[in-house]
Structures are given as structure tokens and as C-alpha cells.
Amino acid sequence: MSLEELYKEVILDHYRTPRNKGRLDPHDVALERNNPLCGDEIELFVRFDGDTIEGIGFEGKGCSISQASASMMTEKVEGLTTKESASLAESIKRMMAGEEEGDVDTLGDLVSLKGVVKYPVRIKCALLGWNTLLEALQEGGKG
Amino acid sequence: MVSLPLDAETLRKDFPVFGTLAHGKRLVYLDSAATSQKPHQVIDRMVRFYESENANVHRGIYELAERATTAYEAARESCARFIGARSHRSIVFTRGTTEAINLVRFTWGRANIHDGDEILLTEMEHHSNLVPWQLLAQESGATLRFLPIDDDGKLRVDLLGDYVTDRTKLVAMGLMSNVLGTINPVRTVADAAHSVGARIVVDAAQAAPHLAIDVNELDADFLAYSAHKMCGPTGAGVLYGREDLLEAMPPFHGGGEMIREVYPDHSTWNEIPYKFEAGTPNIAQAVGMGAAVEYLEALGMDSVRDHEIGMARYAMSALEAAGAHIYGPKDPSERGAVISFTLGEVHPHDVATIVDQEGVCIRAGHHCAQPLMRRLGVPATARASFYIYNTPEDVDALTDALEKCKEWFA
């Protein structure tokens with residue numbers, strides 16, 4: 001996938017019209033994280049129904065890859081259990097680390113994020129939302 | 001067309017890296033503010049050192065060691081001459097500017113900065129000339145103050161009277177901003193500092209590659225600069241210090257070379273500058289730094305400066321025409337050719353990734369100046385910085401690539 005395809009077919013759609021953008025109230029967990037080197041910011045809001053992510057929203061600013069990846073993430077994990085979404089986040093991380101190919105059946109559209117692997121300095125942008133989610137799940141699990 | 005005093009297209013041939021391509025295209029290197037490329041004159045000089053002069057310095061009795069010492073000390077003389085220092089005794093070799101500034105912090109700073117004192121910085125300092133003073137302030141109880149900048153990115157020297165007080169013991173400031181390009185009126189600030197008995201440390205990392213510097217005209221007590229931004233290797237830099245100050249300072253690192261006599265429980269110190277050069281120094285890198293000085297001297301620092309004024313003028317006007325917002329002084333004669341900009345709503349990281357596909361290397365981020373970014377109200381900027389080997393064609397490659405960013409994000 002060329003950079004142009006990555007941007008035009010994946011990133012820019014979510015960057016321009018982010019899904020689940022905005023503060024979610026009420027929420028069980030709110031967590032703000034940033035990439036100090038870039039200034040990318042994400043604040044994630046999660047509401048649980050038992051073990052399931054019943055609602056999720058995010059605020060943030062930063063580069064298109066950080067924001068688009070967070071948008072794609074919220075779309076995907078809403079309705080999943082904490083266990084399912086944590087395992088999804090871990091496979092995204094392994095895919096971005098080049099440790100696994102990324103399975104279309106499991107990841108769906110998210111496989112296209114693999115296009116970012118070719119731009120190593122941008123990987124942390126793509127993972128900001130996912131790392132924040134993993135922390136939010138841990139925090140939610142405590143409560 | 002712009003008229004430029006240097007024939008940059010010919011100078012490019014001195015730099016082997018320009019024989020390579022980036023994504024199959026002409027390498028357009030616009031990140032010299034981070035580190036410059038190296039001409040073969042510098043690379044070859046270091047190779048020659050390793051091939052025919054390599055030995056430890058100031059140690060051996062044999063002729064080869066004498067050759068090494070001669071090369072190392074000749075580099076020190078070149079580095080002194082480059083900034084108008086009167087004596088090699090004022091020139092301490094360090095790993096670079098950061099180590100030089102930390103040397104002042106740990107020696108002069110610990111001996112002279114106490115509870116209740118003030119250290120004056122500016123709002124535009126690089127982290128390397130900010131964090132060492134934060135650490136010194138925390139351990140000593142001193143207070144940091146920051147001379148503000150105006151909206152054009154120029155220092156508010158009109159406020160010096162409020163910021164330089166009888167508590168001020170040290171002023172630390174950059175000669176040229178690595179973000180805004182602003183060339184600061186160091187002499188004016190030095191005079192204010194000296195009028196209250198304070199000392200001034202000048203971070204010349206960004207200025208030394210681009211401007212003729214004279215430490216006496218600046219009346220600098222300390223001045224630091226690095227080889228790697230001025231055609232030299234990484235791992236070499238200089239701390240200039242006034243001789244009387246260096247004489248009075250305690251040593252920095254302890255070890256070989258910096259001592260005169262060592263007893264089990266105490267030691268006496270070598271003369272300056274060797275008192276501050278513990279252990280085997282980066283000898284080949286220092287020799288390379290000397291070669292970089294000679295390379296720039298042959299071009300003439302005034303021609304270097306004029307070339308960059310011309311490049312800054314051309315680049316600023318082309319970037320504005322492309323719709324970019326430029327930070328820092330508008331007048332190219334008041335600034336260096338390091339140009340921070342934003343392109344509408346396109347995030348600087350996206351800009352840098354997209355232009356990279358066209359072979360154009362620019363920086364994006366906070367440029368090691370987070371407090372300045374907050375002052376400017378942006379999380380990050382893109383930055384294009386120009387040097388002796390850049391041509392108007394490089395600017396055109398950048399603005400063509402910016403058109404692509406705009407098209408994608410339209």
C-alpha cells in the first residue's frame with residue numbers, strides 16, 4: 001500500500017469524520033494520554049455494562065494517523081467484552097511491531113493500519129489510542 | 001531568481017551524502033538545524049588521523065603520539081580562532097553543546113549559585129539550555145526567570161530592567177533560536193547581566209554554523225557550540241570560558257589527564273583547559289571539528305551568512321505563497337534560515353511524512369523547545385532549515401511537495 005493509498009483510503013476518512021468523537025457521559029473510565037515527543041493527545045471515555053464496552057468516545061488532537069486510528073478503534077471495540085477488546089489491542093500492537101501479519105478475519109478494516117509499519121516514527125501515533133484503551137480496560141477492571 | 005554568494009550546487013559535490021537518493025529522488029536535505037551533512041574534507045581528515053596519526057594525546061613519548069597531540073591541539077587553535085577567542089586556554093573540548101552547558105552547571109554553577117539567586121533564561125531556549133538550569137535551581141534553591149518574546153518571536157529586551165535584578169547571578173541564552181531563527185541581541189543582554197555582576201552563558205549551537213562569532217564582541221563569559229551542526233562530526237563540541245573564570249572553577253569529571261599530582265586522598269589539577277578534559281577525549285572528532293572550521297573559513301562566514309539570508313528570503317516568500325504560516329521574525333536579516341511553519345490544518349507530522357516521499361527531509365515536532373511551543377500555542381510545527389549546500393531548487397521541491405499535502409487533505 002502506497003502512502004497515498006494509506007492516507008486516501010483509510011486515514012483521511014476517519015480523520016475528517018471521526019467516529020465516536022466527543023466526551024461520553026456518563027462514563028466509568030476517563031483517561032488522557034499523549035505522545036510527549038509529538039504532542040498527539042487522546043482522552044478516552046469508556047462506559048461498561050458488566051464486562052462489555054457499552055459506550056466509548058474520545059477527544060483528542062494530533063496527526064491524522066493518531067486520530068484516525070483512535071476513531072477506527074472506537075468503532076471496532078464498542079460492544080466487545082473487555083477481554084475481546086484487550087486481545088484485539090494486543091494483536092494490533094503485535095502487527096505494528098511486525099511480529100504478526102494481521103488477520104483480516106479478526107481485524108477487518110484495522111488490517112489497513114499495517115500500512116503505517118513502513119513509517120516507523122509514525123507507529124507510536126497509530127498506537128496511542130490502543131495503548132490508552134489497554135490502560136482504560138485495566139482501570140475499568142479494578143472498579 | 002535569487003542571487004546567492006555561494007555556489008551551492010557545486011558545494012553539494014563536497015558532500016558525499018548528496019550522491020545518494022531519497023525514495024529514488026534528489027536528496028533535499030532541509031534539516032541542518034538538527035545536524036548538518038559532512039563534506040569529504042572533514043571525513044577525509046578524520047580518516048587521515050586514524051590512518052597516520054592515531055595515538056593517545058598528551059601521553060606518549062614517541063613521535064606518533066606527538067603527531068596526534070599536534071593534530072588535536074591544532075584543532076583547538078582553529079576552534080578558538082573561529083569564535084575570536086584570544087587563547088587556546090579558553091577552549092575546552094566536550095562531546096557537544098549539551099555537555100558544555102552541563103559542565104558550567106556542575107562547576108561554576110554549583111560553586112556560585114545559591115538559595116535565593118535568580119537564573120535568567122529566555123522563553124525560546126532549547127531544552128539543552130533549560131533543563132540543566134532547572135536541575136541546578138532545584139538543588140540550590142535558586143529561581144528561574146524567563147525573558148519573554150514578542151509575537152514576532154523577538155526577545156523583549158525592553159523588559160531587561162525588570163528581569164535582570166540584583167538577585168540575578170547567571171543569564172543563559174541562545175544566540176540563535178532553533179525554532180524561530182531569531183538572532184538574539186546577546187551583547188545587550190550581556191551588558192545588563194554584567195552591570196549586576198552576573199555571568200552569561202551563550203548557547204551558540206544554532207548560531208556557530210551560520211554566523212561569524214566573536215566572543216569578545218558578545219562579551220560572553222561562556223559560550224558553547226557543537227561540531228556536528230557545522231559540517232563536523234558528532235561527539236565534538238567546545239566550551240569557551242573566560243580564562244579567569246575557568247581558572248577559578250572546580251574540575252568537572254575526575255580522571256586521567258585533568259590532574260597534575262594524585263595522592264591517595266587528594267589530587268591537584270592540571271592547567272586549563274586540560275583540567276576539564278578527563279580521560280581520553282574524542283580525538284579524531286576534535287580533529288574533524290578543526291577541519292570543519294577550516295572548511296567554513298575557506299567559504300567565509302560572511303558569505304555563509306549572506307547565502308542564508310538569500311535562502312531565507314526565497315524560502316519564506318515561497319512558503320507563504322504555498323499557504324504556510326511562518327513563525328519568527330519576518331525580516332531575513334534578523335534571523336537564520338531555520339524556518340518553522342504550519343500548513344493549515346494539516347498536522348506537521350503528516351506534512352513531514354508526505355514530503356519525505358518526494359525526497360524532502362524536514363523536521364516536525366516540538367524541536368526540543370516545549371515551553372516555546374506552548375508560548376506559540378501549537379503542539380508542533382514543521383521546520384525546514386537551510387545551509388550552504390541548499391539551493392532555491394530545494395525550496396521548490398519543498399513547496400511542490402506541500403502542494404501534494406494540500407491536495408490530499410483538501
# chains A, B, ... in the order shown; residues from 1 in each chain; ligands from 1
call {"tool": "interface_residues", "arguments": {"of": "chain B", "to": "chain A", "cutoff": "8 Å", "atoms": "only C-alpha atoms", "output": "list in words"}}
result
Val346, His347, Pro348, His349, Asp350, Thr353, Ile354, Gly365, His366, Pro379, Ala380, Trp408 and Phe409 of chain B
call {"tool": "write_last_selection", "arguments": {"atoms": "all heavy atoms", "output": "CSV table (one decimal), in the first residue's frame"}}
result
chain,number,residue,atom,x,y,z
B,346,VAL,N,-3.3,20.8,8.3
B,346,VAL,CA,-2.5,19.5,8.2
B,346,VAL,C,-1.5,19.5,9.3
B,346,VAL,O,-0.7,20.4,9.5
B,346,VAL,CB,-1.8,19.5,6.8
B,346,VAL,CG1,-1.2,18.1,6.6
B,346,VAL,CG2,-2.7,19.9,5.7
B,347,HIS,N,-1.5,18.4,10.0
B,347,HIS,CA,-0.6,18.3,11.2
B,347,HIS,C,0.9,18.2,10.7
B,347,HIS,O,1.1,17.5,9.6
B,347,HIS,CB,-0.9,17.0,12.0
B,347,HIS,CG,-0.3,17.0,13.3
B,347,HIS,ND1,1.0,16.5,13.5
B,347,HIS,CD2,-0.7,17.3,14.5
B,347,HIS,CE1,1.4,16.6,14.7
B,347,HIS,NE2,0.3,17.1,15.4
B,348,PRO,N,1.8,18.8,11.4
B,348,PRO,CA,3.2,18.8,10.9
B,348,PRO,C,3.8,17.4,10.7
B,348,PRO,O,4.6,17.2,9.8
B,348,PRO,CB,3.9,19.5,12.1
B,348,PRO,CG,2.9,20.4,12.6
B,348,PRO,CD,1.6,19.7,12.5
B,349,HIS,N,3.3,16.4,11.5
B,349,HIS,CA,3.8,15.0,11.2
B,349,HIS,C,3.4,14.5,9.9
B,349,HIS,O,4.1,13.8,9.2
B,349,HIS,CB,3.3,14.1,12.3
B,349,HIS,CG,4.0,14.3,13.6
B,349,HIS,ND1,3.5,14.1,14.8
B,349,HIS,CD2,5.3,14.8,13.8
B,349,HIS,CE1,4.3,14.4,15.8
B,349,HIS,NE2,5.4,14.8,15.2
B,350,ASP,N,2.1,14.8,9.5
B,350,ASP,CA,1.6,14.4,8.2
B,350,ASP,C,2.4,15.1,7.1
B,350,ASP,O,2.7,14.5,6.1
B,350,ASP,CB,0.1,14.7,8.1
B,350,ASP,CG,-0.7,13.8,9.1
B,350,ASP,OD1,-0.4,12.6,9.2
B,350,ASP,OD2,-1.6,14.3,9.8
B,353,THR,N,5.8,13.4,6.8
B,353,THR,CA,5.7,12.1,6.2
B,353,THR,C,5.5,12.2,4.7
B,353,THR,O,6.1,11.5,3.9
B,353,THR,CB,4.6,11.3,6.8
B,353,THR,OG1,5.0,11.0,8.2
B,353,THR,CG2,4.5,9.9,6.2
B,354,ILE,N,4.6,13.1,4.3
B,354,ILE,CA,4.2,13.3,2.9
B,354,ILE,C,5.4,13.9,2.1
B,354,ILE,O,5.7,13.3,1.0
B,354,ILE,CB,2.9,14.1,2.8
B,354,ILE,CG1,1.7,13.3,3.4
B,354,ILE,CG2,2.6,14.4,1.3
B,354,ILE,CD1,0.5,14.1,3.6
B,365,GLY,N,7.7,18.5,14.9
B,365,GLY,CA,7.6,18.2,16.3
B,365,GLY,C,7.8,19.4,17.2
B,365,GLY,O,7.5,20.5,16.7
B,366,HIS,N,8.3,19.3,18.4
B,366,HIS,CA,8.5,20.4,19.3
B,366,HIS,C,9.9,21.0,19.3
B,366,HIS,O,10.2,21.9,19.9
B,366,HIS,CB,8.0,20.1,20.7
B,366,HIS,CG,8.7,18.9,21.3
B,366,HIS,ND1,10.1,18.9,21.4
B,366,HIS,CD2,8.3,17.7,21.7
B,366,HIS,CE1,10.4,17.7,22.0
B,366,HIS,NE2,9.3,17.0,22.1
B,379,PRO,N,1.1,22.6,19.2
B,379,PRO,CA,1.7,21.4,19.8
B,379,PRO,C,3.0,21.0,19.0
B,379,PRO,O,3.9,20.4,19.6
B,379,PRO,CB,0.7,20.3,19.6
B,379,PRO,CG,-0.2,20.7,18.5
B,379,PRO,CD,-0.2,22.2,18.6
B,380,ALA,N,3.1,21.4,17.8
B,380,ALA,CA,4.2,21.1,17.0
B,380,ALA,C,4.2,22.0,15.8
B,380,ALA,O,3.2,22.6,15.4
B,380,ALA,CB,4.1,19.6,16.5
B,408,TRP,N,-4.1,16.3,-0.8
B,408,TRP,CA,-4.6,15.1,-0.1
B,408,TRP,C,-5.6,15.5,1.0
B,408,TRP,O,-6.5,14.8,1.2
B,408,TRP,CB,-3.4,14.3,0.6
B,408,TRP,CG,-2.5,13.6,-0.4
B,408,TRP,CD1,-2.4,13.8,-1.8
B,408,TRP,CD2,-1.6,12.6,-0.1
B,408,TRP,NE1,-1.5,13.0,-2.3
B,408,TRP,CE2,-0.9,12.3,-1.3
B,408,TRP,CE3,-1.2,12.0,1.1
B,408,TRP,CZ2,0.1,11.3,-1.3
B,408,TRP,CZ3,-0.2,11.1,1.1
B,408,TRP,CH2,0.5,10.7,-0.1
B,409,PHE,N,-5.2,16.6,1.6
B,409,PHE,CA,-6.1,17.0,2.8
B,409,PHE,C,-7.2,17.9,2.4
B,409,PHE,O,-8.0,18.4,3.3
B,409,PHE,CB,-5.2,17.6,3.9
B,409,PHE,CG,-4.5,16.6,4.8
B,409,PHE,CD1,-3.4,16.0,4.3
B,409,PHE,CD2,-5.1,16.3,6.0
B,409,PHE,CE1,-2.8,15.0,5.2
B,409,PHE,CE2,-4.5,15.4,6.8
B,409,PHE,CZ,-3.3,14.7,6.4
call {"tool": "residues_around", "arguments": {"residues": "Ala284 in chain B", "least_positions_apart": "5", "cutoff": "12 Å", "atoms": "only C-alpha atoms", "output": "ChimeraX atom specification"}}
result
/B:42-57,68-69,71-73,75,93,95,227,232-236,289-291
call {"tool": "closest_residue", "arguments": {"among": "B:Gly254, B:Gly181, B:Gly109, B:Gly84", "to": "Tyr240 in chain B", "atoms": "only C-alpha atoms"}}
result
B:Gly84
call {"tool": "closest_residue", "arguments": {"among": "B:Leu343, B:Leu223, B:Met176, B:Val293", "to": "His325 in chain B", "atoms": "only C-alpha atoms"}}
result
B:Leu343
call {"tool": "closest_residue", "arguments": {"among": "A:Ser112, A:Gln138, A:Asn35, A:Asn20", "to": "Met96 in chain A", "atoms": "only C-alpha atoms"}}
result
A:Ser112
call {"tool": "residues_around", "arguments": {"residues": "Arg375 in chain B", "least_positions_apart": "4", "cutoff": "9 Å", "atoms": "only C-alpha atoms", "output": "ChimeraX atom specification"}}
result
/B:123-124,149,370-371
call {"tool": "write_last_selection", "arguments": {"atoms": "N, CA, C and O atoms", "output": "tab-separated table (two decimals), in the first residue's frame"}}
result
chain	number	residue	atom	x	y	z
B	123	GLU	N	12.36	32.73	26.84
B	123	GLU	CA	11.23	31.84	26.50
B	123	GLU	C	11.53	30.95	25.31
B	123	GLU	O	10.74	30.08	24.98
B	124	MET	N	12.65	31.19	24.63
B	124	MET	CA	12.90	30.41	23.40
B	124	MET	C	14.04	29.41	23.55
B	124	MET	O	14.53	28.89	22.56
B	149	ILE	N	9.26	36.70	24.86
B	149	ILE	CA	9.40	37.08	23.46
B	149	ILE	C	8.12	37.79	23.02
B	149	ILE	O	7.07	37.64	23.65
B	370	GLN	N	9.76	22.67	24.22
B	370	GLN	CA	8.34	22.56	24.56
B	370	GLN	C	7.76	23.84	25.17
B	370	GLN	O	6.65	24.23	24.83
B	371	PRO	N	8.50	24.53	26.08
B	371	PRO	CA	7.92	25.77	26.61
B	371	PRO	C	7.66	26.80	25.51
B	371	PRO	O	6.65	27.52	25.55
call {"tool": "closest_residue", "arguments": {"among": "A:Ala68, A:Leu133, A:Leu127, A:Leu44", "to": "Ser87 in chain A", "atoms": "only C-alpha atoms"}}
result
A:Leu133
call {"tool": "closest_residue", "arguments": {"among": "A:Asp25, A:Glu84, A:Glu5, A:Gly140", "to": "Gly50 in chain A", "atoms": "only C-alpha atoms"}}
result
A:Gly140
call {"tool": "atom_distance", "arguments": {"atom1": "CA of Ser69 in chain A", "atom2": "CA of Ala126 in chain A"}}
result
5.5 Å
call {"tool": "residues_around", "arguments": {"residues": "range 34-39 of chain B", "least_positions_apart": "5", "cutoff": "9 Å", "atoms": "only C-alpha atoms", "output": "PyMOL selection string"}}
result
chain B and resi 11-18+29+44+178+206+209+228-234+292+295+363+367+385+387+389
call {"tool": "select_by_dssp", "arguments": {"residues": "chain A", "states": "alpha helix (DSSP H)", "output": "PyMOL selection string"}}
result
chain A and resi 3-5+12-16+64-77+82-96+104-107+123-142
call {"tool": "closest_residue", "arguments": {"among": "B:Pro392, B:Gly279, B:Pro273, B:Pro264", "to": "Ser317 in chain B", "atoms": "only C-alpha atoms"}}
result
B:Pro392
call {"tool": "residues_around", "arguments": {"residues": "Ile53 in chain A", "least_positions_apart": "6", "cutoff": "6 Å", "atoms": "only C-alpha atoms", "output": "PyMOL selection string"}}
result
chain A and resi 78-81
call {"tool": "write_last_selection", "arguments": {"atoms": "N, CA, C and O atoms", "output": "tab-separated table (two decimals), in the first residue's frame"}}
result
chain	number	residue	atom	x	y	z
A	78	GLU	N	-16.60	-1.12	20.41
A	78	GLU	CA	-17.91	-0.92	21.03
A	78	GLU	C	-18.72	-2.22	20.93
A	78	GLU	O	-18.86	-2.77	19.84
A	79	GLY	N	-19.20	-2.69	22.07
A	79	GLY	CA	-19.97	-3.93	22.08
A	79	GLY	C	-19.13	-5.17	22.36
A	79	GLY	O	-19.67	-6.25	22.61
A	80	LEU	N	-17.82	-5.02	22.34
A	80	LEU	CA	-16.96	-6.18	22.66
A	80	LEU	C	-16.79	-6.28	24.19
A	80	LEU	O	-16.95	-5.30	24.91
A	81	THR	N	-16.42	-7.48	24.63
A	81	THR	CA	-16.10	-7.62	26.06
A	81	THR	C	-14.71	-7.04	26.29
A	81	THR	O	-13.93	-6.83	25.36
